[in-house]
$ cat final_33.cif   # mmCIF, C-alpha atoms
data_structure
loop_
_atom_site.label_atom_id
_atom_site.label_comp_id
_atom_site.auth_asym_id
_atom_site.auth_seq_id
_atom_site.Cartn_x
_atom_site.Cartn_y
_atom_site.Cartn_z
CA MET U 79 -3.78 -35.02 -28.06
CA ARG U 80 -7.46 -34.85 -27.14
CA PRO U 81 -9.67 -35.90 -30.08
CA MET U 82 -12.01 -33.28 -31.55
CA LYS U 83 -15.29 -33.44 -33.39
CA LEU U 84 -15.15 -33.63 -37.15
CA LEU U 85 -16.93 -30.27 -37.63
CA THR U 86 -14.56 -28.60 -35.18
CA GLN U 87 -11.49 -29.94 -36.96
CA THR U 88 -12.94 -28.91 -40.33
CA THR U 89 -13.58 -25.38 -39.03
CA ILE U 90 -10.07 -25.10 -37.59
CA TYR U 91 -8.42 -26.26 -40.81
CA PHE U 92 -10.66 -23.90 -42.79
CA LEU U 93 -9.60 -20.99 -40.56
CA LEU U 94 -5.93 -21.93 -40.85
CA LEU U 95 -6.24 -21.82 -44.63
CA VAL U 96 -8.56 -18.83 -45.04
CA LEU U 97 -7.18 -16.44 -42.40
CA PRO U 98 -3.70 -16.13 -44.00
CA LEU U 99 -5.36 -15.73 -47.41
CA LEU U 100 -7.67 -12.98 -46.14
CA THR U 101 -4.79 -11.28 -44.32
CA ILE U 102 -2.59 -11.28 -47.42
CA SER U 103 -5.52 -10.07 -49.54
CA THR U 104 -6.26 -7.25 -47.09
CA PHE U 105 -2.69 -5.96 -47.03
CA TYR U 106 -2.39 -6.34 -50.80
CA LEU U 107 -5.55 -4.30 -51.40
CA PHE U 108 -4.38 -1.75 -48.82
CA SER U 109 -1.03 -1.34 -50.56
CA GLN U 110 -2.73 -1.08 -53.96
CA PHE U 111 -5.14 1.59 -52.69
CA ASN U 112 -2.21 3.44 -51.15
CA LYS U 113 -0.25 3.19 -54.38
CA GLU U 114 -3.16 4.32 -56.56
CA ILE U 115 -4.00 7.27 -54.31
CA GLY U 116 -0.32 8.30 -54.29
CA HIS U 117 -0.26 8.06 -58.07
CA GLU U 118 -3.35 10.27 -58.33
CA ILE U 119 -1.76 12.88 -56.03
CA ASP U 120 1.39 12.91 -58.15
CA GLU U 121 -0.73 13.46 -61.27
CA GLU U 122 -2.50 16.34 -59.53
CA LEU U 123 0.86 17.89 -58.65
CA LEU U 124 2.03 17.59 -62.25
CA ASN U 125 -1.23 19.05 -63.49
CA ASP U 126 -0.90 21.96 -61.06
CA GLN U 127 2.66 22.51 -62.28
CA ILE U 128 1.45 22.73 -65.90
CA GLN U 129 -1.25 25.21 -64.92
CA TRP U 130 1.23 27.41 -63.03
CA LEU U 131 3.72 27.30 -65.91
CA ARG U 132 1.04 28.41 -68.33
CA TYR U 133 0.03 31.19 -65.99
CA MET U 134 3.61 32.42 -65.44
CA ASP U 135 4.22 32.56 -69.18
CA THR U 136 1.48 35.15 -69.43
CA VAL U 137 2.54 37.50 -66.59
CA SER U 138 5.48 39.84 -66.20
CA VAL U 139 8.44 39.26 -63.95
CA HIS U 140 7.08 41.89 -61.58
CA SER U 141 3.90 39.91 -60.94
CA PRO U 142 3.17 39.10 -57.25
CA VAL U 143 3.27 35.42 -58.08
CA PHE U 144 7.08 35.57 -58.21
CA ARG U 145 7.09 36.61 -54.58
CA LEU U 146 4.39 34.14 -53.41
CA SER U 147 5.32 31.60 -50.72
CA THR U 148 2.76 29.32 -48.97
CA PRO U 149 2.96 25.78 -47.51
CA GLU U 150 1.31 24.53 -50.73
CA PHE U 151 3.08 26.76 -53.28
CA SER U 152 6.29 28.78 -53.52
CA LEU U 153 8.39 30.32 -56.31
CA GLN U 154 11.83 31.49 -55.33
CA PRO U 155 14.79 32.78 -57.43
CA VAL U 156 17.83 30.51 -57.41
CA THR U 157 21.19 30.38 -59.12
CA GLN U 158 20.93 26.72 -60.13
CA PRO U 159 20.45 25.79 -63.77
CA ALA U 160 17.01 24.72 -64.95
CA GLN U 161 15.99 21.07 -64.48
CA ALA U 162 14.52 19.04 -67.28
CA LYS U 163 12.19 16.98 -65.04
CA PRO U 164 10.40 17.67 -61.75
CA VAL U 165 11.28 15.83 -58.55
CA LEU U 166 8.43 14.13 -56.65
CA GLU U 167 9.00 13.14 -53.02
CA SER U 168 7.30 12.81 -49.64
CA VAL U 169 8.25 15.29 -46.90
CA MET U 170 7.21 16.11 -43.34
CA LEU U 171 6.34 19.75 -42.59
CA TYR U 172 5.11 21.43 -39.44
CA GLN U 173 1.44 22.41 -39.57
CA ASP U 174 0.04 24.92 -37.13
CA ILE U 175 -3.48 23.53 -37.15
CA GLU U 176 -2.31 20.00 -36.30
CA GLY U 177 0.42 21.28 -33.99
CA LYS U 178 2.89 18.71 -35.35
CA LYS U 179 4.67 17.64 -38.48
CA THR U 180 2.38 16.20 -41.09
CA PRO U 181 3.08 14.33 -44.34
CA TYR U 182 3.09 16.13 -47.68
CA ARG U 183 3.68 15.05 -51.25
CA GLN U 184 6.03 17.61 -52.86
CA LEU U 185 6.96 18.53 -56.43
CA THR U 186 10.14 20.62 -56.97
CA GLN U 187 11.76 21.81 -60.19
CA VAL U 188 14.17 24.60 -61.14
CA LEU U 189 12.61 26.53 -64.05
CA SER U 190 13.91 29.20 -66.40
CA ILE U 191 11.37 32.01 -66.54
CA HIS U 192 12.15 35.25 -68.40
CA ASN U 193 15.80 34.18 -68.52
CA ASN U 194 15.90 33.80 -64.72
CA SER U 195 16.09 30.59 -62.65
CA TYR U 196 13.26 29.95 -60.18
CA LEU U 197 12.62 27.01 -57.82
CA LEU U 198 9.00 25.96 -58.14
CA THR U 199 7.62 24.05 -55.15
CA ILE U 200 4.10 22.59 -55.08
CA ARG U 201 2.84 20.54 -52.15
CA LYS U 202 -0.30 18.63 -51.28
CA SER U 203 -1.17 17.49 -47.76
CA LEU U 204 -1.49 13.73 -47.27
CA ILE U 205 -3.57 13.95 -44.08
CA GLU U 206 -6.81 13.51 -45.99
CA ARG U 207 -5.27 10.64 -47.92
CA ASP U 208 -4.15 8.91 -44.69
CA ASP U 209 -7.62 9.38 -43.20
CA LEU U 210 -9.14 7.99 -46.36
CA ILE U 211 -6.82 4.99 -46.37
CA LYS U 212 -7.52 4.39 -42.67
CA ASN U 213 -11.25 4.43 -43.32
CA ILE U 214 -10.84 2.16 -46.30
CA PHE U 215 -8.76 -0.23 -44.18
CA ILE U 216 -11.40 -0.28 -41.44
CA VAL U 217 -14.15 -0.90 -43.98
CA MET U 218 -12.11 -3.72 -45.52
CA LEU U 219 -11.59 -5.32 -42.11
CA ILE U 220 -15.31 -5.10 -41.34
CA VAL U 221 -16.28 -6.49 -44.74
CA PHE U 222 -13.71 -9.32 -44.67
CA GLY U 223 -14.48 -10.08 -41.02
CA GLY U 224 -18.20 -10.25 -41.71
CA LEU U 225 -17.56 -12.31 -44.82
CA LEU U 226 -15.39 -14.72 -42.82
CA VAL U 227 -18.03 -15.12 -40.09
CA PHE U 228 -20.74 -15.63 -42.71
CA ILE U 229 -18.64 -18.25 -44.54
CA LEU U 230 -17.88 -20.05 -41.26
CA LEU U 231 -21.55 -20.13 -40.24
CA LEU U 232 -22.63 -21.18 -43.72
CA ASN U 233 -19.94 -23.88 -43.86
CA ARG U 234 -20.95 -25.19 -40.42
CA MET U 235 -24.64 -25.25 -41.30
CA LEU U 236 -23.98 -27.04 -44.58
CA SER U 237 -21.56 -29.49 -42.90
CA LYS U 238 -24.09 -30.29 -40.17
CA ARG U 239 -26.75 -30.93 -42.77
CA LEU U 240 -24.49 -33.07 -44.94
CA TRP U 241 -23.10 -35.06 -41.99
CA ARG U 242 -26.49 -35.53 -40.29
CA PRO U 243 -26.94 -39.11 -41.63
CA PHE U 244 -23.50 -40.01 -40.28
CA TYR U 245 -24.30 -38.77 -36.77
CA GLN U 246 -27.69 -40.48 -36.84
CA SER U 247 -25.99 -43.75 -37.73
CA LEU U 248 -23.37 -43.18 -35.03
CA GLU U 249 -26.12 -42.61 -32.46
CA LYS U 250 -27.76 -45.88 -33.47
CA LEU U 251 -24.46 -47.73 -33.13
CA HIS U 252 -23.94 -46.25 -29.64
CA GLY U 253 -27.28 -47.62 -28.46
CA ILE U 254 -26.99 -51.00 -30.16
CA GLU U 255 -27.54 -54.17 -28.13
CA LEU U 256 -26.54 -57.68 -29.09
CA LYS U 257 -30.00 -59.02 -28.42
CA LYS U 258 -31.64 -56.42 -30.67
CA MET U 259 -29.10 -56.25 -33.48
CA GLU U 260 -31.41 -57.77 -36.04
CA SER U 261 -33.80 -54.80 -35.71
CA VAL U 262 -31.15 -52.16 -36.47
CA SER U 263 -31.65 -50.34 -39.78
CA PHE U 264 -30.19 -47.18 -41.30
CA SER U 265 -32.12 -44.51 -43.15
CA PRO U 266 -31.20 -44.01 -46.82
CA SER U 267 -29.12 -40.93 -47.59
CA SER U 268 -28.71 -38.72 -50.64
CA ILE U 269 -24.93 -39.11 -50.26
CA LYS U 270 -23.47 -42.15 -51.99
CA GLU U 271 -20.62 -42.68 -49.50
CA PHE U 272 -23.02 -42.76 -46.54
CA ASN U 273 -25.19 -45.35 -48.28
CA GLN U 274 -22.07 -47.46 -48.86
CA LEU U 275 -21.19 -47.08 -45.16
CA HIS U 276 -24.71 -48.14 -44.16
CA THR U 277 -24.51 -51.18 -46.40
CA ALA U 278 -21.18 -52.23 -44.86
CA LEU U 279 -22.49 -51.63 -41.32
CA THR U 280 -25.64 -53.64 -42.00
CA ALA U 281 -23.59 -56.56 -43.32
CA MET U 282 -21.24 -56.39 -40.35
CA ILE U 283 -24.10 -56.23 -37.82
CA THR U 284 -25.77 -59.20 -39.50
CA ARG U 285 -22.57 -61.26 -39.20
CA ILE U 286 -22.03 -60.20 -35.58
CA HIS U 287 -25.61 -61.09 -34.65
CA ALA U 288 -25.31 -64.45 -36.36
CA ASP U 289 -22.07 -65.17 -34.46
CA TYR U 290 -23.72 -64.01 -31.24
CA GLN U 291 -26.65 -66.33 -31.79
CA SER U 292 -24.28 -69.24 -32.48
CA ILE U 293 -22.25 -68.56 -29.33
CA LYS U 294 -25.42 -68.11 -27.28
CA GLU U 295 -26.82 -71.40 -28.49
CA LEU U 296 -23.49 -73.12 -27.89
CA THR U 297 -23.33 -71.72 -24.36
CA GLU U 298 -26.87 -72.77 -23.57
CA ASP U 299 -26.37 -76.22 -25.06
CA ALA U 300 -23.07 -76.67 -23.20
CA ALA U 301 -24.68 -75.57 -19.94
CA HIS U 302 -27.45 -78.11 -20.37
CA GLU U 303 -25.54 -81.02 -21.92
CA MET U 304 -22.42 -80.93 -19.73
CA GLN U 305 -24.13 -80.48 -16.37
CA THR U 306 -26.24 -83.61 -16.76
CA PRO U 307 -23.39 -86.14 -17.35
CA LEU U 308 -21.29 -84.47 -14.66
CA ALA U 309 -24.12 -84.82 -12.16
CA ILE U 310 -24.63 -88.46 -13.15
CA ALA U 311 -20.91 -89.20 -12.80
CA GLU U 312 -20.80 -87.56 -9.37
CA SER U 313 -23.80 -89.54 -8.15
CA LYS U 314 -22.29 -92.82 -9.39
CA LEU U 315 -19.02 -92.06 -7.59
CA GLU U 316 -20.94 -91.30 -4.39
CA LEU U 317 -22.63 -94.69 -4.67
CA LEU U 318 -19.26 -96.40 -5.13
CA LEU U 319 -17.90 -94.64 -2.03
CA GLN U 320 -20.69 -96.30 -0.04
CA ASP U 321 -19.63 -99.78 -1.24
CA GLU U 322 -18.08 -101.56 1.79
CA THR U 323 -16.48 -104.25 -0.36
CA LEU U 324 -13.98 -101.83 -1.89
CA SER U 325 -10.46 -101.59 -0.55
CA ASP U 326 -9.00 -98.43 0.93
CA ALA U 327 -6.90 -97.85 -2.19
CA GLN U 328 -9.98 -98.12 -4.38
CA LEU U 329 -11.96 -95.79 -2.13
CA HIS U 330 -9.08 -93.28 -2.22
CA ALA U 331 -8.96 -93.42 -6.01
CA ILE U 332 -12.71 -92.95 -6.22
CA ALA U 333 -12.52 -89.99 -3.80
CA GLN U 334 -9.81 -88.38 -5.93
CA SER U 335 -11.92 -88.93 -9.05
CA SER U 336 -14.95 -87.42 -7.34
CA GLU U 337 -12.92 -84.39 -6.27
CA ALA U 338 -11.53 -83.93 -9.80
CA LEU U 339 -15.03 -84.26 -11.24
CA GLU U 340 -16.33 -81.66 -8.78
CA ARG U 341 -13.55 -79.28 -9.82
CA LEU U 342 -14.46 -79.92 -13.46
CA ALA U 343 -18.08 -79.03 -12.70
CA ARG U 344 -17.02 -75.79 -11.00
CA LEU U 345 -14.70 -74.98 -13.89
CA ASN U 346 -17.48 -75.61 -16.39
CA HIS U 347 -19.80 -73.38 -14.39
CA SER U 348 -17.22 -70.55 -14.20
CA LEU U 349 -16.43 -70.70 -17.91
CA LEU U 350 -20.12 -70.58 -18.73
CA LEU U 351 -20.48 -67.56 -16.46
CA LEU U 352 -17.65 -65.79 -18.28
CA ALA U 353 -19.26 -66.56 -21.62
CA LYS U 354 -22.61 -65.23 -20.41
CA ILE U 355 -21.01 -62.03 -19.14
CA GLU U 356 -19.14 -61.48 -22.40
CA ASN U 357 -22.34 -62.09 -24.40
CA HIS U 358 -24.59 -60.09 -22.01
CA GLN U 359 -26.74 -63.17 -21.38
CA TYR U 360 -27.78 -62.23 -17.85
CA ASP U 361 -31.08 -60.92 -16.60
CA THR U 362 -31.02 -57.12 -16.17
CA SER U 363 -34.65 -56.80 -15.10
CA GLN U 364 -33.87 -57.26 -11.39
CA PRO U 365 -31.13 -54.82 -10.29
CA GLU U 366 -29.57 -55.46 -6.91
CA SER U 367 -27.81 -53.24 -4.39
CA LEU U 368 -24.16 -54.11 -3.62
CA GLN U 369 -24.77 -53.24 0.00
CA HIS U 370 -27.58 -55.80 0.25
CA VAL U 371 -25.58 -58.50 -1.56
CA THR U 372 -22.49 -57.86 0.59
CA LYS U 373 -24.44 -58.16 3.83
CA GLN U 374 -26.13 -61.30 2.52
CA TYR U 375 -22.83 -63.02 1.70
CA LEU U 376 -21.24 -61.99 4.98
CA GLY U 377 -24.17 -63.63 6.73
CA LEU U 378 -23.81 -66.82 4.68
CA LEU U 379 -20.06 -67.00 5.34
CA ASP U 380 -20.29 -66.04 9.00
CA GLU U 381 -19.46 -69.57 10.21
CA LEU U 382 -16.41 -69.82 7.96
CA ILE U 383 -15.20 -66.41 9.21
CA LYS U 384 -15.59 -67.54 12.80
CA ASP U 385 -13.82 -70.86 12.13
CA LYS U 386 -10.74 -68.96 10.87
CA LYS U 387 -11.09 -66.44 13.72
CA LEU U 388 -11.06 -63.55 11.27
CA THR U 389 -11.69 -59.98 12.42
CA LEU U 390 -14.28 -58.37 10.14
CA GLU U 391 -14.60 -54.58 9.81
CA THR U 392 -17.34 -53.14 7.60
CA GLN U 393 -18.27 -49.60 6.59
CA LEU U 394 -21.25 -49.97 4.28
CA THR U 395 -23.04 -46.67 3.66
CA HIS U 396 -26.23 -46.11 1.69
CA ASP U 397 -25.50 -46.91 -1.96
CA THR U 398 -28.59 -46.26 -4.05
CA SER U 399 -26.35 -45.51 -7.05
CA TRP U 400 -24.68 -48.95 -6.95
CA GLN U 401 -27.33 -50.97 -8.76
CA MET U 402 -26.48 -53.87 -11.05
CA PRO U 403 -28.06 -57.13 -12.23
CA ALA U 404 -28.50 -59.53 -9.33
CA ALA U 405 -26.50 -62.32 -11.01
CA LEU U 406 -23.48 -60.09 -11.58
CA ALA U 407 -23.69 -58.57 -8.10
CA ASP U 408 -23.64 -62.09 -6.61
CA MET U 409 -20.64 -63.13 -8.71
CA LEU U 410 -18.72 -59.93 -7.96
CA ILE U 411 -19.17 -60.03 -4.18
CA SER U 412 -18.90 -63.82 -3.79
CA ASN U 413 -15.56 -63.96 -5.60
CA LEU U 414 -14.01 -60.99 -3.79
CA VAL U 415 -15.26 -61.97 -0.32
CA GLY U 416 -14.54 -65.66 -0.96
CA ASN U 417 -10.93 -64.86 -1.93
CA ALA U 418 -10.51 -62.61 1.13
CA ILE U 419 -11.49 -65.53 3.36
CA ARG U 420 -9.79 -68.34 1.41
CA TYR U 421 -6.42 -66.61 1.10
CA ASN U 422 -6.43 -65.28 4.67
CA TYR U 423 -4.67 -66.89 7.59
CA THR U 424 -6.19 -67.85 10.93
CA GLY U 425 -6.69 -64.76 13.10
CA GLY U 426 -6.39 -62.42 10.12
CA LYS U 427 -8.44 -59.35 9.21
CA ILE U 428 -10.93 -58.39 6.51
CA LYS U 429 -12.07 -54.81 5.90
CA LEU U 430 -14.99 -53.86 3.64
CA GLN U 431 -15.85 -50.29 2.63
CA LEU U 432 -18.71 -49.19 0.38
CA ASP U 433 -19.91 -45.67 -0.43
CA ASP U 434 -21.25 -43.81 -3.46
CA GLN U 435 -17.80 -43.63 -5.05
CA GLN U 436 -15.85 -46.80 -4.23
CA PHE U 437 -16.06 -50.39 -3.12
CA THR U 438 -12.90 -51.56 -1.32
CA ILE U 439 -12.05 -54.93 0.20
CA SER U 440 -8.78 -55.56 2.08
CA ASN U 441 -7.53 -58.74 3.70
CA THR U 442 -4.39 -59.92 5.42
CA SER U 443 -2.58 -62.89 3.90
CA SER U 444 0.65 -64.84 4.16
CA TRP U 445 0.86 -64.87 0.36
CA PRO U 446 3.03 -62.27 -1.39
CA ALA U 447 1.72 -59.64 -3.79
CA ILE U 448 0.07 -60.92 -6.97
CA PRO U 449 2.22 -60.08 -10.02
CA GLN U 450 0.51 -57.47 -12.18
CA GLN U 451 0.92 -59.54 -15.34
CA GLN U 452 -0.97 -62.43 -13.71
CA LEU U 453 -3.49 -60.44 -11.69
CA PHE U 454 -6.62 -60.97 -13.78
CA GLN U 455 -5.46 -63.75 -16.08
CA ARG U 456 -7.52 -66.89 -16.30
CA PHE U 457 -6.31 -70.07 -14.59
CA LYS U 458 -3.72 -68.18 -12.49
CA LYS U 459 -3.87 -69.52 -8.92
CA GLY U 460 -2.39 -68.29 -5.70
CA GLY U 461 -0.30 -71.39 -5.19
CA ALA U 462 -0.19 -75.17 -5.15
CA VAL U 463 -1.89 -75.34 -1.75
CA LEU U 464 -5.04 -73.91 -3.30
CA ASP U 465 -5.76 -76.79 -5.64
CA SER U 466 -9.50 -76.34 -5.12
CA SER U 467 -9.39 -73.01 -6.93
CA ASN U 468 -9.89 -72.97 -10.70
CA GLY U 469 -8.14 -69.61 -11.13
CA LEU U 470 -11.16 -67.86 -12.67
CA GLY U 471 -12.45 -65.81 -9.72
CA LEU U 472 -10.54 -62.60 -10.42
CA ALA U 473 -11.02 -63.07 -14.16
CA ILE U 474 -14.80 -63.06 -13.58
CA VAL U 475 -14.51 -59.96 -11.37
CA LYS U 476 -12.45 -58.16 -14.04
CA LYS U 477 -14.91 -59.12 -16.78
CA ILE U 478 -17.83 -57.71 -14.75
CA CYS U 479 -15.91 -54.47 -14.14
CA ASP U 480 -15.02 -54.19 -17.82
CA THR U 481 -18.66 -54.73 -18.77
CA TYR U 482 -19.66 -51.68 -16.71
CA ASN U 483 -16.50 -49.62 -17.44
CA LEU U 484 -15.50 -49.76 -13.78
CA PRO U 485 -11.78 -49.24 -13.09
CA ILE U 486 -10.50 -51.85 -10.66
CA SER U 487 -7.13 -51.48 -8.94
CA TYR U 488 -5.01 -53.70 -6.72
CA TYR U 489 -2.16 -52.97 -4.36
CA PHE U 490 -0.28 -54.85 -1.68
CA GLU U 491 1.29 -53.27 1.40
CA ASN U 492 2.48 -54.70 4.74
CA GLY U 493 0.91 -58.09 4.14
CA VAL U 494 -2.49 -56.64 3.15
CA HIS U 495 -4.09 -57.23 -0.26
CA THR U 496 -6.52 -54.50 -1.36
CA PHE U 497 -8.92 -54.38 -4.29
CA THR U 498 -10.71 -51.11 -5.10
CA ILE U 499 -13.54 -50.68 -7.60
CA SER U 500 -14.44 -47.09 -8.51
CA ARG U 501 -17.91 -46.17 -9.60
CA PHE U 502 -16.70 -43.62 -12.16
CA SER U 503 -14.44 -44.39 -15.08
CA THR U 504 -12.06 -41.71 -16.41
CA ASN U 505 -13.37 -42.22 -19.95
CA SER U 506 -17.05 -42.90 -19.42
CA LYS U 507 -20.23 -41.80 -17.79
CA PRO U 508 -21.26 -43.22 -14.38
CA SER U 509 -21.28 -46.96 -14.76
CA PHE U 510 -24.17 -47.69 -12.42
CA ALA U 511 -27.38 -45.76 -12.21
CA ALA U 512 -30.14 -45.97 -9.70
#
$ encode --input "final_33.cif" --output "structure tokens"
Amino acid sequence: MRPMKLLTQTTIYFLLLVLPLLTISTFYLFSQFNKEIGHEIDEELLNDQIQWLRYMDTVSVHSPVFRLSTPEFSLQPVTQPAQAKPVLESVMLYQDIEGKKTPYRQLTQVLSIHNNSYLLTIRKSLIERDDLIKNIFIVMLIVFGGLLVFILLLNRMLSKRLWRPFYQSLEKLHGIELKKMESVSFSPSSIKEFNQLHTALTAMITRIHADYQSIKELTEDAAHEMQTPLAIAESKLELLLQDETLSDAQLHAIAQSSEALERLARLNHSLLLLAKIENHQYDTSQPESLQHVTKQYLGLLDELIKDKKLTLETQLTHDTSWQMPAALADMLISNLVGNAIRYNYTGGKIKLQLDDQQFTISNTSSWPAIPQQQLFQRFKKGGAVLDSSNGLGLAIVKKICDTYNLPISYYFENGVHTFTISRFSTNSKPSFAA
């Protein structure tokens, strides 16, 4: 389920709770109005009956009233015995003006008048009542609808005002940078819970910045302290290799040691690069175009491509939107292009494509597909024959892509390995900007 904003969820839950309540209240009031109006009509009928009874007690049996018959009143002689109580009911009678049957409320009772039985019928039309109830119902809907809209708007305005410190803090957290964490501060709020949240966030940011500073210092110290003894050891081994008094076995052992030391230096360099990428310790002041870096590396590796008799196909279009720090651009392209050459066979092919949306590199190889579970893991090599590799190339590429929220995909088909980096992530804004 797609996540929603807090205010939206609050409004939806409020509607789910209030709408049934308002609906029930509307129908309850409607039924009560209907019931009360019906009760008033019945009282009017009973009152009319009393008035007619009083009138008939004062007139003779030959009065015209005993022969009167209208839709609202009739008095007819019957043979039935007198009834103690009147009967109230709703009936439908045809009305000429309306041209259809209309509802009436009717009172009937058999009365004994001058020792004769008469059926007294008094009716009242319910058309006016129905129109009145309809108008009342419409007014209720308008009032409740307006009240609901007003409550929703008022609730949203109040919620926005109350939650404003939270969104301000969230905006600060979105734009936070490791290098500038110590300068982050939160404005005090009149809400106790938000102040507690700010206190916890400030403590957490302080700890994170302290850890970042420690890791940064460790990385810088390691880069400085480890490179120097490695360089000294390599130079000493080179001097020993020039010693003519050493036997072949000794020279071979020294050569192996020198090669292992060189691999250790490359490994140290790669691990430091990974640490710098993770800690954002690279210079972002000089963005570089991937197109420029790709052409530069292809030029540098031209001799190696020719030595392996590789066929190179490039489609590099204008890519002003692909801008990234020069150090990361170099690492990204050098690792991908270097792997495409290193893992290729003599007479193989390399294809490079770059446009505003994707960067794709494909190369033939005698090696099978890379297992997905090992694809970007550190220290996973292509095979024993590639002992010179430290297994960190693709891990560095993946770390750079993750840093910029760039989805990277890999597939293998018909002996061709293909890596594709997309400029747009499904869950983020464009990762590179001009």
$ atom_distance --input "final_33.cif" --atom1 "atom CA of U:Thr323" --atom2 "atom CA of U:Glu340"
24.1 Å
$ resolve_selection --input "final_33.cif" --expression "the PyMOL selection byres ((chain U and resi 369-383) around 12)" --output "VMD selection string"
chain U and resid 365 to 368 384 to 434 436 to 439
$ closest_residue --input "final_33.cif" --among "U:Tyr182, U:Ile332, U:Pro243, U:Val221" --to "U:Asn273" --atoms "all atoms listed in the file"
U:Pro243
$ closest_residue --input "final_33.cif" --among "U:Gln455, U:Thr89, U:Thr306, U:Ser440" --to "U:Ile229" --atoms "all atoms listed in the file"
U:Thr89
$ atom_distance --input "final_33.cif" --atom1 "atom CA of U:Glu249" --atom2 "atom CA of U:Ile478"
24.7 Å
$ resolve_selection --input "final_33.cif" --expression "the PyMOL selection byres ((chain U and resi 163) around 10)" --output "ChimeraX atom specification"
/U:160-162,164-166,186-189
$ write_last_selection --input "final_33.cif" --atoms "C-alpha atoms" --output "mmCIF file, in the frame of the given file"
data_model
loop_
_atom_site.group_PDB
_atom_site.id
_atom_site.type_symbol
_atom_site.label_atom_id
_atom_site.label_comp_id
_atom_site.auth_asym_id
_atom_site.auth_seq_id
_atom_site.Cartn_x
_atom_site.Cartn_y
_atom_site.Cartn_z
ATOM 1 C CA ALA U 160 17.010 24.720 -64.950
ATOM 2 C CA GLN U 161 15.990 21.070 -64.480
ATOM 3 C CA ALA U 162 14.520 19.040 -67.280
ATOM 4 C CA PRO U 164 10.400 17.670 -61.750
ATOM 5 C CA VAL U 165 11.280 15.830 -58.550
ATOM 6 C CA LEU U 166 8.430 14.130 -56.650
ATOM 7 C CA THR U 186 10.140 20.620 -56.970
ATOM 8 C CA GLN U 187 11.760 21.810 -60.190
ATOM 9 C CA VAL U 188 14.170 24.600 -61.140
ATOM 10 C CA LEU U 189 12.610 26.530 -64.050
#
